[in-house]
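Working notes, structure below.
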Amino acid sequence: MSTRTIFDKLWDAHVVRELGGGWVLLHIDRHLLHDLSGPPALAEVAERGLRLHDADLAFSTPDHAVSSKPGRVATTFPLGGKLHDALSLRSNEMNVRMFDLGQPGQGIVHVVGPELGIVLPGLTVICGDSHTCTNGGLGALAFGIGSSESTHALATQTLRMQKPKQLRIRCDGVLGPGVTAKDLALHIIGKLGTAAGVGSVVEFCGAAIEALEVEERLTLCNLAVELGARAGIIAPDDKTFAFIKGKRFAPAAEAFEEAVVHWRSLASDDGARYDREERIDAAKVRPTITWGTSPEQVVTVDGRVPDPANAKDPAQRDAMIAALDYMGLQAGEPIAGTPVDWVFIGSCANSRISDLRAAAEVVRGKKVSAFVTAWVVPGSENVKRAAEAEGLDKIFKAAGFAWREPGCSMCVAANGEQVPPGKRSVSTSNRNFVGRQGPGARTHLASPAMAAAAAIAGAIVDVPEISGVSS
Amino acid sequence: MNLQPFTVVAGAAPYLPQANLDTDVIIRIERLTALARDALGPFALESLRYRPDGSEDPGFVMNQAHFRSAPFLLAGENFGCGSSREGAVWALRGIGIRCVVAPSFGDIFFSNCFQNGVLPVRLPAEQIRSLAEACRGGEALTVDLERCVLSAASGPEIPFMVDPLRREGLIHGLDDIGLTLKHNDEILAWQRVDRQRRPWAWSTVTRL
């Protein structure tokens, strides 16, 4: 008890009751609901004759199945319209604050939570969405749950849980010029594998993490689930507090100062114990892109598609052969120069204002390749408005990008927006699974700058070759 | 809700050895936007069960006659990783799966199984391969949750670990919400104390 990790502290502070056998009732401070997982969970509460335990701690917004078409309304994608209406009806009925289409606050749940100050350091945050781990970038304990657990939390404001294991990933040194949090995340997943974090909460720490801006930390924690981890977490610091100050739902004035005192006490104590520790040399991270159908199948942008002959075991070899076949790639070929059909800049990994600025910087004054369909889907209504106020939309549109409405869009393709079968996409999202962006779609995960460069070049390319800036 | 108590399940056990079989592959997102939870079965693992033209792929193990209504799935590492969609479990239930055996599972999928009367069992890959071998021709596998053992007709009983509370819940089809609400006075008391301890975590959640 004397030395504790940040996760130990958050866990201990939320245990309402021990249930025996290592189980506890854990208090949930914030519950986010979206149009796909929200309606069934809310409906089940109602159908069982239960009521929301604390409606004020729940927030809803449609993101998964809403069209991103400019000028969209709820029914632009008809199936999404039904889900939207169900979310709206239930939210109204059950007194849950909803941020609807066109309102500041609408957007991808994991973009909206931090941007509105709904998510704060030290809180427990859940959502029926595996990328809820994004919010750990602020120092919250945030994780995804299924529909049944969502119902449980709505009705009881708690979850029945066993304490996960703890993995610490220390990132020493500094990221090189032009190397982003996305590259760091893909590098780590490539090195440790997609099952490294199973059953664990992963804490990211070290000089390279402290040097990250808050939005970059959200990107890194977003990909914690692709390591298999339930949650990612980064100790909050002055950058975090500055980010939160003045946000719409954040504590203000004295309450804010009081909160900061508490938040400063959250960082892991020296000597705190972890179940597993890994170290990453940030200086060695290069701009990275995925080549296969799992986020662990990565290659540096100046590298070559790996050869299954070099796999560590038969299972990995078979997975590599299947991935090469699905992706239409040849082992040993340079990844750079691979022609691209679609570019998607968006998703809870990379759709915040800093992501759009980075992409716009590459795009400014250039033209999207005639062979590429390129989209920018801002993460939220607020991001969209901020980007437009800076003129980023004009830069994208002048280059030939479509500038669209906020939501998950082509990351998860739940709204009818799909990469066509066999087409190759460079995407700033977080999953390159088989069929993720549409049946037969071939997805390469990359940073916003690299995705923007691919749109201009019409092929996978290292950013400096497009921007002229040497890295 | 509607949990079928789980004691002994026996039947065929097809083997899907690929690692990282994610929940996007188990059930495609557009099926979740379009269909009710009890209508997902026909679309479970559709990119593996069907060819691009919509016809069944006769080469896929679960399409073989003796595996068609199998209650088991023998799987590879990190099964059910990725998206939190509980529809992945609903879809597997929809084709009759009651027990998935894998070396490891995606965390959220693992929890979701118990919520829907499906038993996820962790076993070393080596043991799963032997079970797969013993059940290759459709021979029955049996799981006894009371005794926590798995056995193929031709082989020894293989013990497995399952959390006692989870086991209890499956065997009796218990309702977690009902159990938790028995502690509601304690939840409310905890909240009253917490409002004093962390006012900043509560006071700003107002209707602006």
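Ordering of the structure tokens sets the chain letters (A, B, ...); residue numbers start at 1 within each chain; ligands are numbered from 1 in the order shown.
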- request: Within 6 Å of chain B, which residues of chain A are there when counting only C-alpha atoms? Please give them as a ChimeraX atom specification.
  value: /A:129-130,146-147,152,249,251,255,259,414
query: Could you pull the residues within 6 Å of A:His14, counting only C-alpha atoms, minus those fewer than 3 positions along the same chain, as a VMD selection string?
result: chain A and resid 11 26 to 27
statement: Among B:Gln127, B:Val193, B:Val162, B:Ala88, B:Pro103 is approached most closely, using only C-alpha atoms, by B:Gln127
- request: Can you list, as a PyMOL selection string, all residues belonging to stretch 70-101 of chain B that DSSP tags as alpha helix (DSSP H)?
  value: chain B and resi 87-94
- request: If you run DSSP over the backbone, which residues in stretch 95-135 of chain B end up strand (DSSP E)? Put them as a PyMOL selection string.
  value: chain B and resi 99-102+119-122
Expected file: the selected residues, C-alpha atoms, as a PDB file, in the first residue's frame:
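Listing of out_0.pdb after writing:
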ATOM      1  CA  CYS B  99     -18.220 -22.758 -25.240  1.00  0.00           C
ATOM      2  CA  VAL B 100     -15.117 -21.246 -26.863  1.00  0.00           C
ATOM      3  CA  VAL B 101     -11.713 -22.707 -26.008  1.00  0.00           C
ATOM      4  CA  ALA B 102      -8.639 -20.584 -26.807  1.00  0.00           C
ATOM      5  CA  LEU B 119     -18.258 -20.249 -21.411  1.00  0.00           C
ATOM      6  CA  PRO B 120     -14.812 -19.069 -22.547  1.00  0.00           C
ATOM      7  CA  VAL B 121     -12.085 -21.528 -21.491  1.00  0.00           C
ATOM      8  CA  ARG B 122      -8.380 -20.736 -21.545  1.00  0.00           C
TER       9      ARG B 122
END
- request: Between atom CA of A:Phe344 and atom CA of A:Lys69, measure the distance and give it in Å to one decimal.
  value: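 According to the coordinates, atom CA of A:Phe344 and atom CA of A:Lys69 are separated by 13.7 Å.
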- request: Might you pull out every residue within 9 Å of A:Ala283, with only C-alpha atoms counted and same-chain residues fewer than 2 positions away left off, and present them as a ChimeraX atom specification?
  value: /A:172-176,208,280-281,285-286
Could those selected residues go to a file with C-alpha atoms, as a tab-separated table (two decimals), in the first residue's frame?
chain	number	residue	atom	x	y	z
A	172	ASP	CA	12.93	6.98	-23.06
A	173	GLY	CA	14.52	9.63	-25.22
A	174	VAL	CA	12.78	11.86	-27.71
A	175	LEU	CA	10.88	11.18	-30.90
A	176	GLY	CA	12.76	12.36	-33.98
A	208	ALA	CA	9.08	10.78	-24.63
A	280	ILE	CA	11.09	1.67	-25.80
A	281	ASP	CA	13.85	3.89	-27.20
A	285	VAL	CA	11.06	5.10	-33.81
A	286	ARG	CA	10.70	5.87	-37.53
task: Tell me, in Å to one decimal, how far atom CA of A:Gly440 is from atom CA of B:Val61.
output: 21.0 Å
- prompt: How far is it from atom CA of A:Ala211 to atom CA of A:Ser467, in Å with one decimal?
  reply: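 Spanning atom CA of A:Ala211 to atom CA of A:Ser467 is a straight-line distance of 24.1 Å.
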Option closest in space to B:Phe160, from B:Ala140, B:Ile128, B:Leu16, B:Val9 [counting only C-alpha atoms]: B:Ile128
message: At a cut-off of 8 Å, using only C-alpha atoms, what residues contact A:Ile6? Leave out same-chain residues fewer than 6 positions from it and give the result as a PyMOL selection string.
response: chain A and resi 235+266-269
Could the residues in this selection be saved with C-alpha atoms as a short mmCIF file (atom, residue, chain, number, x, y, z; two decimals), in the first residue's frame?
data_model
loop_
_atom_site.label_atom_id
_atom_site.label_comp_id
_atom_site.auth_asym_id
_atom_site.auth_seq_id
_atom_site.Cartn_x
_atom_site.Cartn_y
_atom_site.Cartn_z
CA ALA A 235 -0.09 10.46 -15.47
CA LEU A 266 -2.18 10.57 -8.96
CA ALA A 267 1.20 9.90 -10.62
CA SER A 268 2.73 6.52 -9.85
CA ASP A 269 4.98 6.45 -6.79
#
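The neighbours of A:Leu36 here are the residues that come within 9 Å of it, using only C-alpha atoms and leaving out any residue fewer than 6 positions away in the same chain; they are Pro62, Asp63, His64, Ala65, Gly80, Leu83, His84, Leu87, Gly128 and Ala414 of chain A; Leu32 and Thr33 of chain B.
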Distance query B:Ala70 at most 6 Å, only C-alpha atoms, self and fewer than 4 positions along chain excluded, as a list in words: Gly11, Ala12 and Ala13 of chain B
I need the chosen residues saved as an mmCIF file, in the first residue's frame, with N, CA and C atoms.
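Full text of part.cif as output:
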data_model
loop_
_atom_site.group_PDB
_atom_site.id
_atom_site.type_symbol
_atom_site.label_atom_id
_atom_site.label_comp_id
_atom_site.auth_asym_id
_atom_site.auth_seq_id
_atom_site.Cartn_x
_atom_site.Cartn_y
_atom_site.Cartn_z
ATOM 1 N N GLY B 11 -20.838 -31.928 -27.697
ATOM 2 C CA GLY B 11 -21.089 -31.843 -29.132
ATOM 3 C C GLY B 11 -19.818 -31.602 -29.914
ATOM 4 N N ALA B 12 -20.002 -31.318 -31.189
ATOM 5 C CA ALA B 12 -18.861 -31.183 -32.101
ATOM 6 C C ALA B 12 -18.058 -29.921 -31.805
ATOM 7 N N ALA B 13 -16.775 -29.951 -32.235
ATOM 8 C CA ALA B 13 -15.852 -28.867 -31.884
ATOM 9 C C ALA B 13 -14.910 -28.548 -33.039
#
- request: Excluding A:Ile188 and any residue of its chain fewer than 3 positions from it, enumerate the residues within 12 Å of it, using only C-alpha atoms, and give them as a PyMOL selection string.
  value: chain A and resi 169-171+181-185+191-197+202+204+220-221+223-224+226-228+278-282+284-286+288+295-299
